[in-house]
Amino acid sequence: MAMRELRYFGDPILKSVCDPVTVFDEKLEALVRDLVDSVKPAGRAGLAAPQIGVGLRVFSYDVAGLTGYVINPEIVELSEETHEISEGCLSVPELWFPTRRAKHAKVRGVDVHNEPIEVEGEDVLAQCLQHETDHLDGVLYLDRLTAERKKSALREAREKDWFWKR
């Protein structure tokens with residue numbers, strides 16, 4: 001099992017838009033294995049490539065016994081019905097805030113053989129699909145908070161030992 005070191009809020013890669021995957025080779029297969037292995041520990045639901053320092057459009061997920069990955073994901077469907085759901089992030093540890101998300105989401109992408117795949121889900125899986133796709137666009141869940149919550153979250157994050165400092 002290859003666990004990769006996480007990048008934390010403040011690291012510029014987390015605010016960068018990732019490049020699409022164009023080469024489907026052994027390096028990509030190794031990256032996908034590492035992402036899937038790194039999302040397995042308890043308490044983790046998803047992990048995007050930039051969270052381990054790789055600027056490619058790939059994420060893994062492990063929600064309610066459903067484990068997988070998506071390369072070059074695009075959100076193709078979001079329900080109009082939304083809810084506020086408690087959200088956290090491996091790159092913003094220890095902080096949880098209510099975040100508005102669609103209750104249902106569908107993501108379309110490809111696998112390591114460049115074959116089409118689709119993942120859809122409700123509630124926590126829908127939240128995960130939205131959260132991880134956001135990472136690939138340089139968006140953290142903190143960016144989706146109300147102004148008051150975001151101000152509080154940023155203040156708390158800057159006080160944490162893990163906060164990336166230059």
# chains A, B, ... in the order shown; residues from 1 in each chain; ligands from 1
>>> residues_around(residues="Leu136 (chain A)", least_positions_apart="4", cutoff="8 Å", atoms="only C-alpha atoms", output="PDB file with N, CA, C and O atoms, in the first residue's frame")
ATOM      1  N   SER A  16      -4.719  25.490  -7.793  1.00  0.00           N
ATOM      2  CA  SER A  16      -4.391  25.456  -9.216  1.00  0.00           C
ATOM      3  C   SER A  16      -5.351  24.535  -9.965  1.00  0.00           C
ATOM      4  O   SER A  16      -5.735  23.484  -9.458  1.00  0.00           O
ATOM      5  N   VAL A  17      -5.705  24.934 -11.182  1.00  0.00           N
ATOM      6  CA  VAL A  17      -6.521  24.085 -12.047  1.00  0.00           C
ATOM      7  C   VAL A  17      -5.630  22.977 -12.598  1.00  0.00           C
ATOM      8  O   VAL A  17      -4.535  23.245 -13.097  1.00  0.00           O
ATOM      9  N   CYS A  18      -6.079  21.743 -12.480  1.00  0.00           N
ATOM     10  CA  CYS A  18      -5.276  20.591 -12.909  1.00  0.00           C
ATOM     11  C   CYS A  18      -5.380  20.374 -14.421  1.00  0.00           C
ATOM     12  O   CYS A  18      -6.385  20.691 -15.048  1.00  0.00           O
ATOM     13  N   ALA A  48      -8.089  13.784  -4.132  1.00  0.00           N
ATOM     14  CA  ALA A  48      -7.780  14.271  -5.474  1.00  0.00           C
ATOM     15  C   ALA A  48      -6.269  14.379  -5.650  1.00  0.00           C
ATOM     16  O   ALA A  48      -5.534  14.629  -4.687  1.00  0.00           O
ATOM     17  N   ALA A  49      -5.813  14.205  -6.881  1.00  0.00           N
ATOM     18  CA  ALA A  49      -4.382  14.210  -7.183  1.00  0.00           C
ATOM     19  C   ALA A  49      -3.635  15.445  -6.638  1.00  0.00           C
ATOM     20  O   ALA A  49      -2.530  15.299  -6.113  1.00  0.00           O
ATOM     21  N   PRO A  50      -4.182  16.662  -6.735  1.00  0.00           N
ATOM     22  CA  PRO A  50      -3.430  17.793  -6.192  1.00  0.00           C
ATOM     23  C   PRO A  50      -3.184  17.702  -4.680  1.00  0.00           C
ATOM     24  O   PRO A  50      -2.232  18.285  -4.169  1.00  0.00           O
ATOM     25  N   GLY A  55      -0.636  17.578 -10.305  1.00  0.00           N
ATOM     26  CA  GLY A  55      -1.568  18.484 -10.966  1.00  0.00           C
ATOM     27  C   GLY A  55      -2.313  17.873 -12.139  1.00  0.00           C
ATOM     28  O   GLY A  55      -2.386  18.477 -13.202  1.00  0.00           O
ATOM     29  N   LEU A  56      -2.872  16.687 -11.936  1.00  0.00           N
ATOM     30  CA  LEU A  56      -3.640  16.009 -12.980  1.00  0.00           C
ATOM     31  C   LEU A  56      -5.076  15.791 -12.517  1.00  0.00           C
ATOM     32  O   LEU A  56      -5.343  15.634 -11.325  1.00  0.00           O
ATOM     33  N   ARG A  57      -5.994  15.700 -13.472  1.00  0.00           N
ATOM     34  CA  ARG A  57      -7.426  15.559 -13.194  1.00  0.00           C
ATOM     35  C   ARG A  57      -7.771  14.097 -12.891  1.00  0.00           C
ATOM     36  O   ARG A  57      -8.274  13.377 -13.755  1.00  0.00           O
ATOM     37  N   VAL A  58      -7.497  13.691 -11.642  1.00  0.00           N
ATOM     38  CA  VAL A  58      -7.781  12.331 -11.175  1.00  0.00           C
ATOM     39  C   VAL A  58      -8.188  12.416  -9.711  1.00  0.00           C
ATOM     40  O   VAL A  58      -7.577  13.164  -8.946  1.00  0.00           O
ATOM     41  N   GLU A 132     -14.413  16.450  -4.708  1.00  0.00           N
ATOM     42  CA  GLU A 132     -13.177  16.040  -5.385  1.00  0.00           C
ATOM     43  C   GLU A 132     -13.045  16.694  -6.755  1.00  0.00           C
ATOM     44  O   GLU A 132     -11.941  17.082  -7.159  1.00  0.00           O
TER      45      GLU A 132
END
>>> closest_atom_pairs(of="region 38-123 of chain A", to="region 23-28 of chain A", cutoff="8 Å", atoms="only C-alpha atoms", output="tab-separated table")
residue	atom	partner	partner_atom	distance
A:Val112	CA	A:Phe24	CA	6.2
A:His113	CA	A:Phe24	CA	6.5
A:Asn114	CA	A:Phe24	CA	6.9
>>> write_last_selection(atoms="all heavy atoms", output="CSV table (one decimal), in the first residue's frame")
chain,number,residue,atom,x,y,z
A,112,VAL,N,-8.3,3.9,-16.4
A,112,VAL,CA,-6.9,3.9,-16.8
A,112,VAL,C,-6.6,3.4,-18.2
A,112,VAL,O,-5.5,3.6,-18.7
A,112,VAL,CB,-6.0,3.1,-15.8
A,112,VAL,CG1,-5.9,3.7,-14.4
A,112,VAL,CG2,-6.4,1.6,-15.7
A,113,HIS,N,-7.6,2.9,-18.8
A,113,HIS,CA,-7.5,2.4,-20.2
A,113,HIS,C,-8.2,3.4,-21.2
A,113,HIS,O,-8.4,3.1,-22.3
A,113,HIS,CB,-8.1,1.0,-20.4
A,113,HIS,CG,-7.5,0.0,-19.4
A,113,HIS,ND1,-6.2,-0.4,-19.5
A,113,HIS,CD2,-8.0,-0.6,-18.3
A,113,HIS,CE1,-5.9,-1.2,-18.5
A,113,HIS,NE2,-7.0,-1.4,-17.8
A,114,ASN,N,-8.6,4.6,-20.6
A,114,ASN,CA,-9.3,5.6,-21.4
A,114,ASN,C,-10.6,5.2,-21.8
A,114,ASN,O,-11.2,5.6,-22.9
A,114,ASN,CB,-8.4,6.1,-22.6
A,114,ASN,CG,-8.8,7.5,-23.0
A,114,ASN,OD1,-9.5,8.2,-22.3
A,114,ASN,ND2,-8.4,7.8,-24.3
>>> atom_distance(atom1="CA of Val139 (chain A)", atom2="CA of Arg44 (chain A)")
18.6 Å
>>> select_by_dssp(residues="region 27-115 of chain A", states="alpha helix (DSSP H)", output="list in words")
Lys27, Leu28, Glu29, Ala30, Leu31, Val32, Arg33, Asp34, Leu35, Val36, Asp37, Ser38 and Val39 of chain A
>>> select_by_dssp(residues="region 86-139 of chain A", states="strand (DSSP E)", output="ChimeraX atom specification")
/A:86-89,92-102,104-110,116-122
